[in-house]
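Everything below concerns the one structure shown next.
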Amino acid sequence: MSLGSFRLDSGGLIDRGRKISFTFDDRIYHGYHGDTLASALLANGVRLVGRSFKYHRPRGIYGLGSEEPNALVRLRQGARAEPNIRATQIELYDGLVAHSQNNWPSLRWDISSTLGLFSRFLPAGFYYKTFMWPGKFWPYYENFIRHMAGMGRSPEAPDPDRYEKRHGNCDVLIIGGGPAGLAAALSAAKGGALVWLADEGARLGGRCLGDGNETVRETIATLASLENVTVLRRTTVFGKYDDHLYGLLEHTGDHLASPARGMPRQRLWHLRTKQAVLASGAIERPLVFANNDRPGVMLTTAVLHYLRAYAVRSGKRAVINTSNDSAYRAAQILAAHGIEIAAIVDHRPGTKRRDMPGVEILPGHAVIDTSGGRDLTGVTIARLAGNGDTVRGSERRLDCDLLCLSGGFTPCVHLYSQAGGKLTYRQDIQSLVPQSDVPGMLVVGAAAGEFGGDEFAGGEAAMGRPISLSKSRRKQFIDLQNDVTAADVELAAREGYRSVEHVKRYTTLGMGTDQGKTSNLNGIAALASALDKPLADVGITTYRPPYTPVTIGALAGREIGVFLAPTRRTPMQDCHEKAGAVFTPAGLWQRPHYYPRPGETATDAVNREVLAVRRNVAVVDVSTLGRIDLHGPDVVEFLDRIYINGFNTLAVGMCRYGVMLRDDGMIFDDGTVARMSETQFIMTTTTANAGPVMAHLEYYLQVVWPELRVHLTSITDQWAVAAVAGPRSRDLLDSLDSSIAFASQAMPHMAWRAGHIGGIPAQVFRISFSGELAYEIAVPADHGHALWELLLATGGGFDVIPYGTEALTTLRTEKGHFVMGPEADGRATPGDMGLRAMLSAKKDFVGRRSLRLPGLAPAGRLNLVGLIPVDGGSSIPAGGILLQSQVAGPLPDKAGHVTTSVFSASLDKPIALAMVRDGRQRLGEELWAHSPLDGRIIAVTITDPVFIDPKGERLRA
Amino acid sequence: MLLIHCPHCGPRAQTEFSYGGDANVARPPAPEETDDRTWTDYLYLRDNAKGSHAELWQHIFGCRRWLRLHRDVVSHEITSCSDLPRPRTGNGS
Amino acid sequence: MSRYSFASLVRHGVMGHRGWKPVWRDPEPKSSYDAIIVGGGGHGLASAYYLAKNHHLNNVAVLEKGWLGGGNTGRNTTIVRSNYLLDANARFYEHGMKLWEGLSRDLNFNVMFSQRGVLNLAHSKGQLETFRRRGNAMRLNGIDAELLNRGDVAALVPGMDLSGNARFPIEGGLLQPRGGTARHDAVAWGYARAADRRGVDIIQNCEVTGIRRDRTGVTGVETSRGFIASKRIGLAVAGHSTQLAAMAGVRLPIESHVLQAMVSEPVKPVLDTVVTFGAAHLYVSQSDKGELVMGGDIDGYNSFAQRGNLPVIEHVAACLLALFPQFSRLRILRTWGGIMDMTMDGSPIIGTTPVPGLFLNGGWCYGGFKATPASGWVFAHTMATGQPHSLNADLNLDRFRQGRVLDEKGAGPYPWAH
Amino acid sequence: MPDPRPRRSALNRPPQPGELIQERTDLWIQRLYGPDRQSDFGGKLGLDLPEQANRASQDTALHALWLAPREWLLVSDADAARGNLAARIVANGGALSDLSHARTVFRIAAGPARNILAQGCPLDLRPAIFLPGHCAQSVLASVAILVHHLADGAHMDIYVARSYGQYMYDWLNDAAPPT
Ligand SMILES: Cc1cc2nc3c(=O)[nH]c(=O)nc-3n(C[C@H](O)[C@H](O)[C@H](O)COP(=O)(O)OP(=O)(O)OC[C@H]3O[C@@H](n4cnc5c(N)ncnc54)[C@H](O)[C@@H]3O)c2cc1C
Ligand SMILES: NC(=O)c1ccc[n+]([C@@H]2O[C@H](COP(=O)([O-])OP(=O)(O)OC[C@H]3O[C@@H](n4cnc5c(N)ncnc54)[C@H](O)[C@@H]3O)[C@@H](O)[C@H]2O)c1
Ligand SMILES: Cc1cc2nc3c(=O)[nH]c(=O)nc-3n(C[C@H](O)[C@H](O)[C@H](O)COP(=O)(O)O)c2cc1C
Ligand SMILES: [Zn+2]
């Protein structure tokens, strides 16, 4: 068919100067700039555009915008391909490529359409009733069900486009740019308010698009000229959230083949407004009868829209099936544009109708069936009796290729309902309309059921029943997208699924990508008639965001790739990268795991690093540990209440290890605290807990003990900290130019000193996690890089190397130090860790009281212990479960579990830490470490957790 | 998304705050003299009224103050948001 | 009432499906029952079913304030698993898993239990070791578990981004092959139909507004349809547990929070496994209809509104794309929320209460859908005998007084952190 | 003691003229806690300490940004502000916590800054609302920030914790309109 036979010679909002070519199912067609894919297909006489979800029925273009249930296509190709896009909302661009969906091998010849033959055995919910025997077969049945699932195909490649998010604020948000929204915008703008108007269409005007309405045109022009008005076209208000926050999706690049450089494809707005005006209009309601789904069956407003906005005739000869007055004016316009009107079939018996020359008007009649294969060729009409049934023998066939449905209008109350607004049934327009205002939202225009004097609206004219249910066996579709028929709704009701919510879920009515925009009300009507209840008593299913589907990419915005979450870097990060470290995540940080040398395995590297600490000297970056500056007159009292041990005796210049609990008695964090002055301390926290500890301290300070005068400042980022560990660490430091005396007499274990090292101001803390002589050197962060380079400079004969967190794990395991996570897993008390001696008896502290609860009593609790393999050489499975016996019976009683397992290079054997029930009383006992995941069972001996230097001589050296 | 009127910083998006739960939980002033029942009530029992709820939020990305809100947990309407009562410690100099 | 089978479907099909009878009756409440269960969700209905089936207590009513299955049962992401660390939880949920495996046939209602595997992803060696411990504990409790390395994950879930330069690279994961999903609505309907068959009265649109008690214990419930007497009352009202318990003067260590879920538009099958993203908050599966079904974290503050806010949805989307960048151009069709009864330790409470005759089944947090059969089983036992079943002995209310909480995450008494 | 060595900022990237996002380095930054109740703390120090929330003051070399009641961020790129001032603050019952190395600070022309910030920060930064001389703490792309609209109206400074500096720099650049 050639361009032009369906296209009028003039009119419409298209730019006839810009001809565009596009392909649909690999055939080339032409359209104009300003067309949608739907209007262009119709202009080309393409009517079959897709297959339905369940029965694979042939379907065409049905509506004009986001209510479209049928014409879902796969748009674009390659990495930009997207499924299930409504042809009615796709703006045509040159080179557009679209494909039909849900068919094989082709749209015309779709094998699965034979399913329709068996459809009587596939009623709503059939799968709940079968596929149960034999049980083993279910996976095969399910495979078949899954094979039939889905509409389009998921894209397979990463999305090349960019999505942006934006926060905005305004005084008044107008939702919908039809006549009602435009008027509201104008009046709000005149009052000086900052007004935003969003419409999902490419053009403003709503229902008046292309009808030559002067007021609308002028208003659009005025709004464009006002500085306090922002108009967002192609922007859907998809959700209403708390405190007047609206979610908007702006299609910034979808009307182009690909977004312009640097432009996002879509933009997601978080728009906070003071007031919203819902002017979202109304959607025309179809009528339900047999085979009401063929290509060529359309909403009357859609037919009008294609005519006026795109100068496209949707057919040549139309039958209009209506239950309200609006169809008459539509018929006139259709006729005026050369569409032959075969008849107006009006459900109402005594309609106060107007004459139209040459048009047969059939009051008290209804279309009851259609004919045609993949395209409409005619309809069957019949006279309606008083009770609404058809009169036998009155059937008559009318030839036509277009059937316009006009069953009244359903206000678009989605956002009002999302906002919690209640609906009420209005008999005159047979629709649910807003009952009263909700705070911050005004509903106006057709959305409020105010169809005004508009001759299209049907006004007060009584409508026929919204649907006519002939007792036909043929399918009468209510939800075209999900292939839900009137019979399905009846069946649901018959089977006891009587709540409207049950009907929805049993039949899937309204659960498609259109969320039932054209079907929900008809579904309710069908249910009302099946239950013999007034429609008003049936209720309606819940409206939920989004109003139309929202791209997942847009919801994610730029939170993709490296921007999924922040990455924190220490001042020495460059050095680690340069040194070829392998990194491991620690909270938001990436910490060096180990530093392999060429040819080294991970194990080699870790062993080398461990031995360097035990035998020589090595350096680790500990800048990630949390640091909190605490000062104020009550700081000692505060620390005493926070930690299980006391701080008032800590002298200035000294540090102390501390453990803090939650109030339920479980270990929350640990670290060292240094006393900087009488009223100032610096606390360190574990890396992962830095934030939570800060919030914990602030909570107790502000909420529980506001009388304590203490200031807290997070200073983690102020300092770069390197721990120098190993028997030669002091020698290394002594070799540097420093104002600090590192000798034990001047700086004993757990002392700290300030001074400078190599010209860098520094605070040095003599504390050790590895159990070796060690110093933590803190310098202002901008000097961290220099410090690291200074320490690692190999001059001076020290073969200093950096070490990573894996070596740190081995070192602390050898020393029996627990850490948060593996050992202190939020279920461990200080007693479990062997820290009873640390518990201060002199004071109260957070968590203390809980330690007296029966469940926290020492007997029967898991204790921190060490493990060595009985054979001396087998590695102990990490994450192994400890049992009394080698053979695990069913549901064995567990003695405990392995928490950390390492190969101790220092001792040249595998060792582990474990939590064992009453473990401290069981030193020397043998247990079996079971790791069924890797099929290992190893005999282990319980030992003291401290494997190296139990007296701590090395660290005091 | 809630809009919380921080008494210090002004109206701010909920994403700037972290939640602290029931504001009526009071830590027994003398835990050691408290029986197990009272103590575990403090630890584990919370008001969970379906209506106005007194709750704590911390303005974690703002002034870092813990605040006390009254919020309707069905409509999410916030009816008040105030600073916690502070003791008067005339720390003059 | 006809049995469901392929043959009955064909027979009815030939007759135009006009012969199907209601799946459950719509009875008027009697003046008294041997036992009343408040809450017509999966748990309440399963409890009633097992009361009738296992304990021959048939004079039972289930009272539902709205439509049955309309609570969390009708709004969850349908994940079924028993991959728990702590024995008390593991054994309980594994009992449930076994019941799931025969449930469709037991109920004569296909609940579409689909054992497509539940995979938890690990992003560091440390996380993998935590999984290893959990997996070993599971195996020793007779539960299936496999530890996967990166290659195994790649083979199991084609299309997942396993490149090392992801923000949270995937090291491996813990797989429970027998885990999977089930059709949420079918579970409610199947139990309802089966319970109804055994004489249980399922009474919808009947809200319990008060609980009457005398010195000996409970005597009945006030409802929107009048007083109904019973000396045995079981609460299975999920997010409303605290409300109902308060009617009998009992305070619970539970807060109500909103959890959201969402579905994408339906597409042809692309994801065959249930995947949870360990570095952040996401779980995703693809249903038999083709939608991706997704959820994340709770919104994080007390809520009785069955709707949530944008940030969680946006975060779920971001996490999804971290795993599957190709889903970027798919679209979210619908989002919704449910009210979760979050306990102070993240584990459920199922057992007796200080009020004689009043039983509690609640505190299911994110995870009660999978518990439905086991929960009904042990709750029926508890209500029938007055004593907990061995499987719920540790899931009692008293554990909070004792300091014997079951804190799987070790997060402490912060319900929003579990 | 003055830093004897040159400082190396988080970005360690010498400023390129013409670049939209400029890192400000070598700053002197202190968190200042005023005494709990004292009316004219600022006066005694000769500092204009804004009492009103979300306000910044500026004298020749020193900015004082409101952070919380009785808490400010003092920022200066001149050596002059140091030493003596710190001593006077302590003498008058105040306290300081040194954050000179703890922040990465970006300076961006106000127009583009507004545009970039709107992409990840929920603050209402409309020109009529967020005026020159205003400052606010908030969150940007999951990171705590402090935005300062400089009194000249032409620029904004964005403060983040140093460890987030590189991440934030990349994020801001990614959000900036292509040149
Ligand atoms: C978004 C979301 C995702 C989830 N994902 C999962 C998951 O993947 N896997 C999983 O295992 N679990 C999941 N869960 C949890 C799971 O859904 C619930 O734990 C489970 O369904 C609870 O079942 P129930 O029968 O106890 O509660 P419900 O199904 O909520 O039933 C309780 C019923 O009690 C009724 N009721 C309340 N008050 C009264 C009253 N006064 N009188 C009468 N009736 C009353 C309610 O109307 C309701 O129908 C999820 C939950 C949500 C919300
Ligand atoms: N021509 C007709 O067929 C017809 C039908 C009904 C009413 N009317 C008349 O038109 C007037 C109604 O005009 P109106 O302005 O109320 O409706 P309208 O249909 O003209 O305009 C509604 C607009 O809202 C947009 N919209 C809807 N939901 C949206 C969302 N969530 N986000 C963004 N945009 C959204 C639509 O794209 C549409 O442009 C009435 O006065 C009535 O008399 C005409
Ligand atoms: C597993 C699952 C899959 C769902 N799939 C769909 C779907 O395909 N389409 C749809 O519209 N809703 C779907 N829903 C959501 C329901 O429509 C509904 O939102 C949910 O049951 C909560 O009920 P409410 O929104 O009525 O409160 C699904 C829900 C669940 C739990
Ligand atoms: Zn604040």
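Residue numbering restarts at 1 in every chain; chains get A, B, ... in the order shown in the structure tokens, and ligands count up from 1 in that same order.
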- Message: as a PyMOL selection string, could you give me every residue of chain A near chain B (at most 9 Å apart, counting only C-alpha atoms)?
- Response: chain A and resi 241-245+420+663-664+695+698-699+702-704+706-707+709+844+848-850+852-853
Output N, CA, C and O atoms for every residue in that selection, as a CSV table (one decimal), in the first residue's frame.
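Written out: again-v5.csv:
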chain,number,residue,atom,x,y,z
A,241,TYR,N,5.0,10.3,46.0
A,241,TYR,CA,5.6,9.7,47.2
A,241,TYR,C,5.3,10.7,48.4
A,241,TYR,O,4.7,11.7,48.2
A,242,ASP,N,5.9,10.4,49.5
A,242,ASP,CA,5.6,11.2,50.7
A,242,ASP,C,6.0,12.6,50.7
A,242,ASP,O,7.0,12.9,50.0
A,243,ASP,N,5.3,13.4,51.4
A,243,ASP,CA,5.6,14.8,51.5
A,243,ASP,C,5.8,15.5,50.2
A,243,ASP,O,6.7,16.2,49.9
A,244,HIS,N,4.8,15.2,49.3
A,244,HIS,CA,4.7,15.9,48.0
A,244,HIS,C,5.9,15.7,47.1
A,244,HIS,O,6.3,16.6,46.4
A,245,LEU,N,6.5,14.6,47.2
A,245,LEU,CA,7.6,14.3,46.3
A,245,LEU,C,7.0,13.5,45.1
A,245,LEU,O,6.3,12.5,45.3
A,420,GLY,N,-3.5,8.3,48.2
A,420,GLY,CA,-4.4,7.8,49.3
A,420,GLY,C,-5.9,8.3,49.1
A,420,GLY,O,-6.7,8.2,50.0
A,663,ASP,N,24.3,-2.5,74.2
A,663,ASP,CA,23.6,-2.6,75.5
A,663,ASP,C,23.1,-4.0,75.7
A,663,ASP,O,22.8,-4.4,76.8
A,664,ASP,N,23.0,-4.8,74.7
A,664,ASP,CA,22.6,-6.2,74.9
A,664,ASP,C,23.8,-7.1,75.3
A,664,ASP,O,23.6,-8.3,75.3
A,695,ALA,N,28.2,7.0,65.3
A,695,ALA,CA,26.8,7.2,65.6
A,695,ALA,C,26.4,6.7,67.0
A,695,ALA,O,25.6,7.3,67.7
A,698,GLU,N,27.6,9.3,69.5
A,698,GLU,CA,26.7,10.4,69.4
A,698,GLU,C,25.4,10.1,70.1
A,698,GLU,O,24.8,11.0,70.7
A,699,TYR,N,24.9,8.9,69.9
A,699,TYR,CA,23.6,8.5,70.5
A,699,TYR,C,23.7,8.6,72.0
A,699,TYR,O,22.9,9.3,72.7
A,702,GLN,N,24.2,12.3,73.1
A,702,GLN,CA,23.1,13.3,72.9
A,702,GLN,C,21.8,12.8,73.5
A,702,GLN,O,21.0,13.6,74.0
A,703,VAL,N,21.5,11.5,73.5
A,703,VAL,CA,20.2,11.0,73.9
A,703,VAL,C,20.2,10.5,75.3
A,703,VAL,O,19.3,10.7,76.0
A,704,VAL,N,21.3,9.8,75.7
A,704,VAL,CA,21.2,9.1,77.0
A,704,VAL,C,21.9,9.9,78.1
A,704,VAL,O,21.4,10.1,79.1
A,706,PRO,N,23.0,13.5,78.0
A,706,PRO,CA,23.2,14.8,77.4
A,706,PRO,C,24.0,15.7,78.4
A,706,PRO,O,24.5,16.7,78.0
A,707,GLU,N,24.0,15.3,79.7
A,707,GLU,CA,24.7,16.1,80.6
A,707,GLU,C,26.3,16.1,80.5
A,707,GLU,O,27.0,16.9,81.0
A,709,ARG,N,29.7,16.7,78.9
A,709,ARG,CA,30.2,17.7,77.9
A,709,ARG,C,31.5,17.1,77.2
A,709,ARG,O,32.6,17.1,77.7
A,844,ASP,N,29.8,1.3,85.8
A,844,ASP,CA,28.8,0.8,84.9
A,844,ASP,C,29.3,1.1,83.5
A,844,ASP,O,30.0,2.1,83.3
A,848,ARG,N,26.8,-3.8,80.2
A,848,ARG,CA,27.2,-4.5,81.4
A,848,ARG,C,26.1,-5.3,82.0
A,848,ARG,O,26.2,-6.5,82.4
A,849,ARG,N,25.0,-4.6,82.2
A,849,ARG,CA,23.8,-5.2,82.8
A,849,ARG,C,23.4,-6.5,82.1
A,849,ARG,O,23.0,-7.5,82.7
A,850,SER,N,23.5,-6.5,80.8
A,850,SER,CA,23.1,-7.7,80.0
A,850,SER,C,23.9,-8.9,80.3
A,850,SER,O,23.4,-10.0,80.2
A,852,ARG,N,24.5,-10.2,82.9
A,852,ARG,CA,24.0,-11.0,84.0
A,852,ARG,C,22.7,-11.8,83.5
A,852,ARG,O,22.1,-12.5,84.3
A,853,LEU,N,22.3,-11.6,82.3
A,853,LEU,CA,21.1,-12.4,81.9
A,853,LEU,C,21.4,-13.8,81.8
A,853,LEU,O,22.5,-14.2,81.5
Return as number ranges by chain every polymer residue, whether protein, DNA or RNA, with at least one atom no more than 7 Å from an atom of ligand 1; count only C-alpha atoms and all ligand atoms. C: 38-44, 63-80, 206-209, 236-240, 244, 258-261, 295, 337-340, 362, 364-372
Using only C-alpha atoms and all ligand atoms, which residues have at least one atom no more than 9 Å from ligand 4? Output them as a list in words. His5, Cys6, Pro7, His8, Cys9, Gly10, Pro11, Arg12, Glu16, Phe17, Gln58, His59, Ile60, Phe61, Gly62, Cys63, Arg64, Arg65, Trp66 and Leu67 of chain B; Ala53, Leu67, Ala68 and Gln137 of chain D
Identify all chain D residues at most 10 Å from chain B by counting only C-alpha atoms; ligands do not count. Present them as a PyMOL selection string. chain D and resi 34-39+41+52-54+66-69+71+91-94+121-124+136-140+142-146
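For the atom pair formed by CA of Leu156 (chain C) and CA of Tyr141 (chain A), the distance is 21.0 Å, given to one decimal.
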Which residues of chain A come within 8 Å of ligand 3, and what is each one's closest atom pair and distance in Å (one decimal), counting only C-alpha atoms and all ligand atoms, sorted by chain and residue number, as a tab-separated table?
residue	atom	partner	partner_atom_place_in_ligand_line	distance
A:Glu501	CA	ligand 3	26 (O)	6.8
A:Arg505	CA	ligand 3	17 (O)	7.4
A:Thr508	CA	ligand 3	9 (N)	7.5
A:Gly510	CA	ligand 3	11 (O)	6.3
A:Met511	CA	ligand 3	11 (O)	3.3
A:Gly512	CA	ligand 3	9 (N)	5.5
A:Thr513	CA	ligand 3	11 (O)	7.2
A:Gln515	CA	ligand 3	11 (O)	5.8
A:Thr541	CA	ligand 3	26 (O)	6.0
A:Thr542	CA	ligand 3	26 (O)	4.7
A:Tyr543	CA	ligand 3	25 (O)	6.8
A:Arg544	CA	ligand 3	25 (O)	6.0
Using N, CA and C atoms, can you write the selected residues to a file as a PDB file, in the first residue's frame?
ATOM      1  N   GLU A 501      -9.723  -8.200  44.179  1.00  0.00           N
ATOM      2  CA  GLU A 501      -8.290  -8.479  44.222  1.00  0.00           C
ATOM      3  C   GLU A 501      -8.018  -9.948  43.883  1.00  0.00           C
ATOM      4  N   ARG A 505      -5.848 -11.415  40.597  1.00  0.00           N
ATOM      5  CA  ARG A 505      -4.719 -12.334  40.702  1.00  0.00           C
ATOM      6  C   ARG A 505      -4.999 -13.679  40.060  1.00  0.00           C
ATOM      7  N   THR A 508      -5.251 -12.586  36.209  1.00  0.00           N
ATOM      8  CA  THR A 508      -4.194 -11.637  35.804  1.00  0.00           C
ATOM      9  C   THR A 508      -4.751 -10.384  35.136  1.00  0.00           C
ATOM     10  N   GLY A 510      -5.469  -6.818  34.390  1.00  0.00           N
ATOM     11  CA  GLY A 510      -4.858  -5.553  34.794  1.00  0.00           C
ATOM     12  C   GLY A 510      -3.427  -5.674  35.263  1.00  0.00           C
ATOM     13  N   MET A 511      -2.826  -6.830  35.070  1.00  0.00           N
ATOM     14  CA  MET A 511      -1.463  -7.011  35.571  1.00  0.00           C
ATOM     15  C   MET A 511      -0.409  -6.878  34.477  1.00  0.00           C
ATOM     16  N   GLY A 512      -0.829  -6.477  33.295  1.00  0.00           N
ATOM     17  CA  GLY A 512       0.128  -6.343  32.205  1.00  0.00           C
ATOM     18  C   GLY A 512       0.870  -5.023  32.252  1.00  0.00           C
ATOM     19  N   THR A 513       1.593  -4.728  31.179  1.00  0.00           N
ATOM     20  CA  THR A 513       2.404  -3.510  31.184  1.00  0.00           C
ATOM     21  C   THR A 513       1.545  -2.254  31.124  1.00  0.00           C
ATOM     22  N   GLN A 515      -1.146  -2.081  32.938  1.00  0.00           N
ATOM     23  CA  GLN A 515      -1.789  -2.057  34.258  1.00  0.00           C
ATOM     24  C   GLN A 515      -3.295  -1.822  34.145  1.00  0.00           C
ATOM     25  N   THR A 541      -9.102  -2.504  42.349  1.00  0.00           N
ATOM     26  CA  THR A 541      -7.777  -2.929  42.796  1.00  0.00           C
ATOM     27  C   THR A 541      -6.909  -1.702  43.061  1.00  0.00           C
ATOM     28  N   THR A 542      -5.878  -1.932  43.824  1.00  0.00           N
ATOM     29  CA  THR A 542      -5.028  -0.818  44.266  1.00  0.00           C
ATOM     30  C   THR A 542      -4.202  -0.240  43.123  1.00  0.00           C
ATOM     31  N   TYR A 543      -4.178   1.068  43.029  1.00  0.00           N
ATOM     32  CA  TYR A 543      -3.298   1.737  42.063  1.00  0.00           C
ATOM     33  C   TYR A 543      -1.908   1.840  42.676  1.00  0.00           C
ATOM     34  N   ARG A 544      -0.924   1.530  41.912  1.00  0.00           N
ATOM     35  CA  ARG A 544       0.452   1.557  42.401  1.00  0.00           C
ATOM     36  C   ARG A 544       1.346   2.240  41.388  1.00  0.00           C
TER      37      ARG A 544
END
What separates CA of Leu235 (chain C) and CA of Arg46 (chain B) is a distance of 19.2 Å
Interface residues on chain A facing chain C, 6 Å, only C-alpha atoms, written as a PyMOL selection string
chain A and resi 82+120-121+128-130+146+149-158+495-496+513+545-546+549-553+555-556+559+562+825-827+853-855+879-880+891+931-933
Now that the selection is made, can you save its residues with C-alpha atoms as a CSV table (one decimal), in the first residue's frame?
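Writing done, so here's result-v7.csv:
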chain,number,residue,atom,x,y,z
A,82,GLU,CA,14.1,-2.7,24.1
A,120,ARG,CA,-11.0,-24.0,26.5
A,121,PHE,CA,-8.6,-26.2,28.5
A,128,TYR,CA,-3.1,-24.4,39.6
A,129,LYS,CA,-5.2,-27.4,38.8
A,130,THR,CA,-2.8,-29.5,36.9
A,146,ARG,CA,8.3,-20.7,31.1
A,149,ALA,CA,6.2,-16.7,29.4
A,150,GLY,CA,7.1,-13.2,28.7
A,151,MET,CA,6.2,-10.8,25.9
A,152,GLY,CA,9.4,-9.4,24.4
A,153,ARG,CA,13.0,-10.4,24.7
A,154,SER,CA,15.3,-9.0,27.3
A,155,PRO,CA,18.2,-7.0,25.9
A,156,GLU,CA,21.4,-8.9,26.0
A,157,ALA,CA,24.1,-6.3,25.9
A,158,PRO,CA,25.0,-3.5,28.4
A,495,GLU,CA,-14.9,-20.6,41.9
A,496,GLY,CA,-15.2,-18.3,44.8
A,513,THR,CA,2.4,-3.5,31.2
A,545,PRO,CA,3.4,3.3,40.9
A,546,PRO,CA,4.6,3.6,38.3
A,549,PRO,CA,6.7,1.4,33.3
A,550,VAL,CA,9.9,3.1,34.3
A,551,THR,CA,13.2,2.1,32.8
A,552,ILE,CA,15.4,0.3,35.3
A,553,GLY,CA,18.4,2.2,33.9
A,555,LEU,CA,16.0,4.3,38.3
A,556,ALA,CA,19.6,3.4,38.7
A,559,GLU,CA,24.7,4.5,40.2
A,562,VAL,CA,32.3,2.4,39.7
A,825,ASP,CA,30.1,-11.8,65.1
A,826,GLY,CA,27.6,-9.8,67.1
A,827,ARG,CA,26.7,-12.8,69.2
A,853,LEU,CA,21.1,-12.4,81.9
A,854,PRO,CA,20.7,-16.1,82.1
A,855,GLY,CA,21.5,-16.7,78.4
A,879,GLY,CA,34.3,-22.2,58.1
A,880,GLY,CA,34.5,-25.8,59.4
A,891,LEU,CA,21.6,-33.4,63.2
A,931,SER,CA,33.8,-29.2,56.1
A,932,PRO,CA,31.3,-31.2,54.0
A,933,LEU,CA,31.4,-28.5,51.4
Write out as a tab-separated table a residue-level contact list of chain A versus ligand 2 with cut-off 6 Å: for each qualifying residue the closest pair of atoms and the distance in Å to one decimal, counting only C-alpha atoms and all ligand atoms, rows sorted by chain and residue number upward.
residue	atom	partner	partner_atom_place_in_ligand_line	distance
A:Ile175	CA	ligand 2	33 (C)	5.3
A:Gly176	CA	ligand 2	24 (O)	3.1
A:Gly177	CA	ligand 2	23 (C)	4.8
A:Gly178	CA	ligand 2	15 (O)	3.3
A:Pro179	CA	ligand 2	15 (O)	4.1
A:Ala180	CA	ligand 2	15 (O)	3.6
A:Gly181	CA	ligand 2	15 (O)	5.0
A:Ala198	CA	ligand 2	33 (C)	5.3
A:Asp199	CA	ligand 2	34 (N)	3.5
A:Glu200	CA	ligand 2	34 (N)	4.1
A:Gly201	CA	ligand 2	37 (O)	4.9
A:Gly205	CA	ligand 2	39 (O)	6.0
A:Gly206	CA	ligand 2	39 (O)	3.4
A:Arg207	CA	ligand 2	20 (O)	3.8
A:Cys208	CA	ligand 2	1 (N)	5.9
A:Thr235	CA	ligand 2	33 (C)	5.7
A:Thr236	CA	ligand 2	32 (N)	3.6
A:Val237	CA	ligand 2	32 (N)	3.8
A:Phe238	CA	ligand 2	31 (N)	5.4
A:Ala279	CA	ligand 2	16 (O)	4.9
A:Ser280	CA	ligand 2	27 (C)	3.5
A:Gly281	CA	ligand 2	17 (O)	3.1
A:Ala282	CA	ligand 2	19 (O)	5.4
A:Thr301	CA	ligand 2	3 (O)	5.4
A:Gly445	CA	ligand 2	16 (O)	3.6
A:Ala446	CA	ligand 2	16 (O)	3.7
A:Ala447	CA	ligand 2	16 (O)	5.4
A:Phe451	CA	ligand 2	43 (O)	3.9
A:Gly452	CA	ligand 2	43 (O)	4.6
A:Gly453	CA	ligand 2	43 (O)	6.0
A:Asp454	CA	ligand 2	43 (O)	4.0
A:Phe456	CA	ligand 2	2 (C)	5.2
A:Ala457	CA	ligand 2	6 (C)	5.0
A:Tyr547	CA	ligand 2	31 (N)	5.8
The distance between CA of Glu395 (chain A) and CA of Val367 (chain A) is 9.2 Å
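Near chain B, the residues of chain C that fall inside 7 Å (using only C-alpha atoms) are C:Thr242, C:Leu252, C:Pro253, C:Glu255, C:Ser256, C:Gly300, C:Tyr301, C:Asn302, C:Ser303, C:Phe304, C:Ala305, C:Asn309, C:Leu310, C:Met344, C:Phe400, C:Arg401, C:Pro413.
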